[in-house]
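*Asks:* Sharing start.pdb, PDB, C-alpha atoms:
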```pdb
ATOM      1  CA  MET A   1       0.000   0.000   0.000  1.00  0.00           C
ATOM      2  CA  LYS A   2       0.987   3.618  -0.388  1.00  0.00           C
ATOM      3  CA  ILE A   3      -0.315   6.997   0.724  1.00  0.00           C
ATOM      4  CA  THR A   4      -1.867   8.707  -2.297  1.00  0.00           C
ATOM      5  CA  HIS A   5      -2.705  12.104  -0.848  1.00  0.00           C
ATOM      6  CA  ILE A   6      -2.923  14.238   2.269  1.00  0.00           C
ATOM      7  CA  ALA A   7      -5.903  16.601   2.663  1.00  0.00           C
ATOM      8  CA  ILE A   8      -5.956  19.905   4.545  1.00  0.00           C
ATOM      9  CA  TRP A   9      -9.004  22.017   5.353  1.00  0.00           C
ATOM     10  CA  THR A  10      -8.247  25.709   4.898  1.00  0.00           C
ATOM     11  CA  GLU A  11      -9.968  29.060   4.893  1.00  0.00           C
ATOM     12  CA  HIS A  12      -7.226  30.419   2.592  1.00  0.00           C
ATOM     13  CA  LEU A  13      -7.497  28.162  -0.444  1.00  0.00           C
ATOM     14  CA  ASP A  14      -5.677  30.300  -3.021  1.00  0.00           C
ATOM     15  CA  GLN A  15      -2.952  31.419  -0.601  1.00  0.00           C
ATOM     16  CA  MET A  16      -2.255  27.810   0.383  1.00  0.00           C
ATOM     17  CA  ARG A  17      -2.227  26.727  -3.291  1.00  0.00           C
ATOM     18  CA  ASP A  18       0.312  29.434  -4.104  1.00  0.00           C
ATOM     19  CA  PHE A  19       2.494  28.481  -1.105  1.00  0.00           C
ATOM     20  CA  TYR A  20       2.783  24.813  -2.068  1.00  0.00           C
ATOM     21  CA  CYS A  21       3.235  25.546  -5.769  1.00  0.00           C
ATOM     22  CA  ASP A  22       5.695  28.448  -5.409  1.00  0.00           C
ATOM     23  CA  TYR A  23       7.947  27.027  -2.694  1.00  0.00           C
ATOM     24  CA  PHE A  24       7.668  23.251  -3.149  1.00  0.00           C
ATOM     25  CA  GLY A  25       7.284  22.929  -6.915  1.00  0.00           C
ATOM     26  CA  GLY A  26       3.719  21.625  -6.822  1.00  0.00           C
ATOM     27  CA  ARG A  27       1.656  21.548  -9.980  1.00  0.00           C
ATOM     28  CA  CYS A  28      -1.951  22.478  -9.416  1.00  0.00           C
ATOM     29  CA  GLY A  29      -4.904  20.892 -11.121  1.00  0.00           C
ATOM     30  CA  GLU A  30      -8.102  22.755 -11.927  1.00  0.00           C
ATOM     31  CA  LYS A  31     -10.194  23.995  -9.021  1.00  0.00           C
ATOM     32  CA  TYR A  32     -13.005  21.567  -8.161  1.00  0.00           C
ATOM     33  CA  VAL A  33     -16.256  23.212  -7.063  1.00  0.00           C
ATOM     34  CA  ASN A  34     -19.373  21.518  -5.701  1.00  0.00           C
ATOM     35  CA  PRO A  35     -21.955  24.317  -5.253  1.00  0.00           C
ATOM     36  CA  ALA A  36     -24.508  22.054  -3.557  1.00  0.00           C
ATOM     37  CA  LYS A  37     -22.056  21.316  -0.719  1.00  0.00           C
ATOM     38  CA  ARG A  38     -20.387  24.759  -0.836  1.00  0.00           C
ATOM     39  CA  PHE A  39     -17.126  22.840  -1.263  1.00  0.00           C
ATOM     40  CA  GLU A  40     -14.069  23.702  -3.346  1.00  0.00           C
ATOM     41  CA  SER A  41     -10.627  22.180  -3.587  1.00  0.00           C
ATOM     42  CA  TYR A  42      -7.318  22.030  -5.409  1.00  0.00           C
ATOM     43  CA  ARG A  43      -5.193  18.926  -5.901  1.00  0.00           C
ATOM     44  CA  ILE A  44      -1.465  19.726  -5.865  1.00  0.00           C
ATOM     45  CA  HIS A  45       0.788  17.205  -7.633  1.00  0.00           C
ATOM     46  CA  PHE A  46       4.451  16.744  -6.731  1.00  0.00           C
ATOM     47  CA  ASP A  47       7.218  14.610  -8.248  1.00  0.00           C
ATOM     48  CA  GLY A  48       6.503  11.690  -5.928  1.00  0.00           C
ATOM     49  CA  GLU A  49       3.370   9.598  -5.613  1.00  0.00           C
ATOM     50  CA  CYS A  50       1.651  11.574  -2.840  1.00  0.00           C
ATOM     51  CA  ASP A  51      -0.524  14.595  -3.670  1.00  0.00           C
ATOM     52  CA  LEU A  52      -1.818  17.356  -1.428  1.00  0.00           C
ATOM     53  CA  GLU A  53      -5.535  18.183  -1.485  1.00  0.00           C
ATOM     54  CA  LEU A  54      -6.450  21.648  -0.230  1.00  0.00           C
ATOM     55  CA  MET A  55     -10.138  21.954   0.669  1.00  0.00           C
ATOM     56  CA  ARG A  56     -12.484  24.727   1.745  1.00  0.00           C
ATOM     57  CA  ARG A  57     -16.074  24.618   2.893  1.00  0.00           C
ATOM     58  CA  SER A  58     -17.765  27.620   4.493  1.00  0.00           C
ATOM     59  CA  ASP A  59     -18.903  25.749   7.607  1.00  0.00           C
ATOM     60  CA  ILE A  60     -15.447  24.395   8.512  1.00  0.00           C
ATOM     61  CA  ASN A  61     -13.130  26.811  10.282  1.00  0.00           C
ATOM     62  CA  GLY A  62     -11.233  27.363  13.494  1.00  0.00           C
ATOM     63  CA  GLU A  63      -7.715  27.312  14.799  1.00  0.00           C
ATOM     64  CA  VAL A  64      -5.938  25.113  17.306  1.00  0.00           C
ATOM     65  CA  GLU A  65      -2.965  26.753  18.983  1.00  0.00           C
ATOM     66  CA  THR A  66      -1.516  23.808  20.913  1.00  0.00           C
ATOM     67  CA  GLU A  67      -0.185  20.351  20.148  1.00  0.00           C
ATOM     68  CA  ARG A  68      -2.951  17.835  19.727  1.00  0.00           C
ATOM     69  CA  THR A  69      -3.545  14.267  18.702  1.00  0.00           C
ATOM     70  CA  GLY A  70      -3.628  13.972  14.932  1.00  0.00           C
ATOM     71  CA  LEU A  71      -1.376  14.903  12.056  1.00  0.00           C
ATOM     72  CA  ALA A  72       1.695  16.633  13.490  1.00  0.00           C
ATOM     73  CA  HIS A  73       3.517  17.448  10.242  1.00  0.00           C
ATOM     74  CA  PHE A  74       4.439  16.091   6.839  1.00  0.00           C
ATOM     75  CA  ALA A  75       7.783  16.196   5.084  1.00  0.00           C
ATOM     76  CA  VAL A  76       8.956  17.297   1.662  1.00  0.00           C
ATOM     77  CA  ALA A  77      12.356  16.131   0.415  1.00  0.00           C
ATOM     78  CA  CYS A  78      14.911  18.376  -1.275  1.00  0.00           C
ATOM     79  CA  ALA A  79      17.951  17.268  -3.259  1.00  0.00           C
ATOM     80  CA  ASP A  80      20.556  17.996  -0.564  1.00  0.00           C
ATOM     81  CA  ARG A  81      21.481  20.020   2.526  1.00  0.00           C
ATOM     82  CA  ASP A  82      22.195  23.149   0.487  1.00  0.00           C
ATOM     83  CA  ALA A  83      18.706  22.983  -1.028  1.00  0.00           C
ATOM     84  CA  VAL A  84      17.141  22.615   2.443  1.00  0.00           C
ATOM     85  CA  CYS A  85      19.054  25.674   3.675  1.00  0.00           C
ATOM     86  CA  ALA A  86      18.283  27.721   0.544  1.00  0.00           C
ATOM     87  CA  LEU A  87      14.544  27.000   0.683  1.00  0.00           C
ATOM     88  CA  THR A  88      14.460  27.709   4.424  1.00  0.00           C
ATOM     89  CA  GLU A  89      16.158  31.059   3.870  1.00  0.00           C
ATOM     90  CA  ARG A  90      13.825  31.930   0.974  1.00  0.00           C
ATOM     91  CA  LEU A  91      10.803  31.198   3.186  1.00  0.00           C
ATOM     92  CA  ARG A  92      12.302  33.289   6.014  1.00  0.00           C
ATOM     93  CA  LEU A  93      12.900  36.242   3.678  1.00  0.00           C
ATOM     94  CA  ASP A  94       9.280  35.985   2.529  1.00  0.00           C
ATOM     95  CA  GLU A  95       8.293  36.190   6.231  1.00  0.00           C
ATOM     96  CA  TYR A  96       7.050  32.644   6.804  1.00  0.00           C
ATOM     97  CA  GLN A  97       7.566  31.301  10.324  1.00  0.00           C
ATOM     98  CA  ILE A  98      10.597  29.026  10.573  1.00  0.00           C
ATOM     99  CA  VAL A  99       9.695  26.681  13.419  1.00  0.00           C
ATOM    100  CA  GLY A 100      12.895  24.615  13.277  1.00  0.00           C
ATOM    101  CA  GLU A 101      16.226  25.847  11.948  1.00  0.00           C
ATOM    102  CA  PRO A 102      18.221  23.594   9.582  1.00  0.00           C
ATOM    103  CA  ARG A 103      19.910  20.866  11.614  1.00  0.00           C
ATOM    104  CA  THR A 104      20.876  17.239  11.717  1.00  0.00           C
ATOM    105  CA  THR A 105      18.356  15.335  13.813  1.00  0.00           C
ATOM    106  CA  GLY A 106      19.101  12.569  16.299  1.00  0.00           C
ATOM    107  CA  ASP A 107      18.158   9.971  13.702  1.00  0.00           C
ATOM    108  CA  GLY A 108      20.574  11.439  11.141  1.00  0.00           C
ATOM    109  CA  LEU A 109      18.212  13.412   8.886  1.00  0.00           C
ATOM    110  CA  PHE A 110      18.964  16.972   7.863  1.00  0.00           C
ATOM    111  CA  GLU A 111      15.840  19.114   8.134  1.00  0.00           C
ATOM    112  CA  SER A 112      14.178  22.403   8.900  1.00  0.00           C
ATOM    113  CA  VAL A 113      10.526  23.069   9.723  1.00  0.00           C
ATOM    114  CA  VAL A 114       8.275  25.839   8.388  1.00  0.00           C
ATOM    115  CA  ALA A 115       4.675  26.736   9.164  1.00  0.00           C
ATOM    116  CA  ASP A 116       2.480  27.089   6.075  1.00  0.00           C
ATOM    117  CA  PRO A 117      -0.006  30.019   5.851  1.00  0.00           C
ATOM    118  CA  ASP A 118      -2.472  28.101   8.068  1.00  0.00           C
ATOM    119  CA  GLY A 119       0.172  27.027  10.602  1.00  0.00           C
ATOM    120  CA  ASN A 120       0.525  23.400   9.430  1.00  0.00           C
ATOM    121  CA  LEU A 121       4.078  22.202   9.958  1.00  0.00           C
ATOM    122  CA  VAL A 122       6.125  21.118   6.941  1.00  0.00           C
ATOM    123  CA  GLU A 123       9.505  19.452   7.406  1.00  0.00           C
ATOM    124  CA  ILE A 124      11.989  20.236   4.661  1.00  0.00           C
ATOM    125  CA  THR A 125      14.386  17.286   4.505  1.00  0.00           C
ATOM    126  CA  CYS A 126      17.051  15.682   2.372  1.00  0.00           C
TER     127      CYS A 126
END
```
As structure tokens - that is how I would like this structure written.

*Replies:*
Amino acid sequence: MKITHIAIWTEHLDQMRDFYCDYFGGRCGEKYVNPAKRFESYRIHFDGECDLELMRRSDINGEVETERTGLAHFAVACADRDAVCALTERLRLDEYQIVGEPRTTGDGLFESVVADPDGNLVEITC
């Protein structure tokens, strides 16, 4: 089995689409709209096999400011350490919150962590 996509509810559909396409090289499909359910979404395709589905529906909103049970983060792989550092710095210059500076983790991965426009954590690894 394999994971085919990860879905995120958002109130900022276009901003989130732009973030994942501009910084992570995603390719966006056409916007899907279901007027009866007041639902709209974008599917973002990456080089691997897992897509990102960004979804908005007017009755789903809210923010959680503390750690909670559920999805903690997901990771996107870069080519090498220099690419991780360069993307982290680009995000910082564009005023995104860098939650974890580039470092080698205890299990030997090189990573940084950024918060997307909705505060979801994205590990940038190599």

*Asks:* Could you tell me, as a tab-separated table (two decimals) with C-alpha atoms, keeping the file's coordinate frame, exactly which residues end up selected when the PyMOL selection byres ((chain A and resi 29-35) around 10) is applied to this structure?

*Replies:*
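Contents of out.tsv, as written:
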```tsv
chain	number	residue	atom	x	y	z
A	13	LEU	CA	-7.50	28.16	-0.44
A	14	ASP	CA	-5.68	30.30	-3.02
A	26	GLY	CA	3.72	21.62	-6.82
A	27	ARG	CA	1.66	21.55	-9.98
A	28	CYS	CA	-1.95	22.48	-9.42
A	36	ALA	CA	-24.51	22.05	-3.56
A	37	LYS	CA	-22.06	21.32	-0.72
A	38	ARG	CA	-20.39	24.76	-0.84
A	39	PHE	CA	-17.13	22.84	-1.26
A	40	GLU	CA	-14.07	23.70	-3.35
A	41	SER	CA	-10.63	22.18	-3.59
A	42	TYR	CA	-7.32	22.03	-5.41
A	43	ARG	CA	-5.19	18.93	-5.90
A	44	ILE	CA	-1.46	19.73	-5.86
A	45	HIS	CA	0.79	17.20	-7.63
A	54	LEU	CA	-6.45	21.65	-0.23
A	55	MET	CA	-10.14	21.95	0.67
A	56	ARG	CA	-12.48	24.73	1.74
A	57	ARG	CA	-16.07	24.62	2.89
```

*Asks:* Find the residues around range 88-92 of chain A up to 8 Å (only C-alpha atoms counted), leave out those fewer than 4 positions away in its own chain, and share them as a ChimeraX atom specification.

*Replies:* /A:23,84,96-98,101-102,112,114,124

*Asks:* Counting only C-alpha atoms, which of A:Glu111, A:Asp116, A:Glu53, A:Asp47 gets nearest to Asp82 in chain A?

*Replies:*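 Among the listed residues, the smallest separation from Asp82 in chain A belongs to A:Glu111.
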
*Asks:* Here is a test: counting all atoms listed in the file, which residue of A:Gly25, A:Met16, A:Val122, A:Ala86 is nearest to Phe74 in chain A?

*Replies:* A:Val122

*Asks:* What separation in Å, quoted to one decimal, exists between CA of Leu87 in chain A and CA of Trp9 in chain A?

*Replies:*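 Computing the Euclidean distance for CA of Leu87 in chain A and CA of Trp9 in chain A yields 24.5 Å.
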
*Asks:* What gap, in Å, lies between CA of His5 in chain A and CA of Glu49 in chain A?

*Replies:*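 Taking CA of His5 in chain A as the start and CA of Glu49 in chain A as the end point, the length is 8.1 Å.
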
*Asks:* Provide an axis-aligned box for all listed atoms of range 22-35 of chain A, padding each side by 3 Å; report its centre and its edge lengths in Å to one decimal, as lines of an AutoDock Vina configuration file.

*Replies:*
```
center_x = -7.0
center_y = 24.7
center_z = -7.3
size_x = 35.9
size_y = 13.6
size_z = 15.2
```

*Asks:* Record the distance separating CA of Val113 in chain A and CA of Gly100 in chain A, expressed in Å with one decimal.

*Replies:* 4.5 Å

*Asks:* Measuring between all atoms listed in the file, which one of A:Leu52, A:Ala83, A:His73, A:Cys126 shows the shortest distance to Arg17 in chain A?

*Replies:*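 Answer, going by the shortest atom-to-atom distance: A:Leu52.
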
*Asks:* Find the residue from A:Leu93, A:Ile3, A:Ile8, A:Ala75 that sits nearest to Leu109 in chain A; use only C-alpha atoms when measuring.

*Replies:* A:Ala75
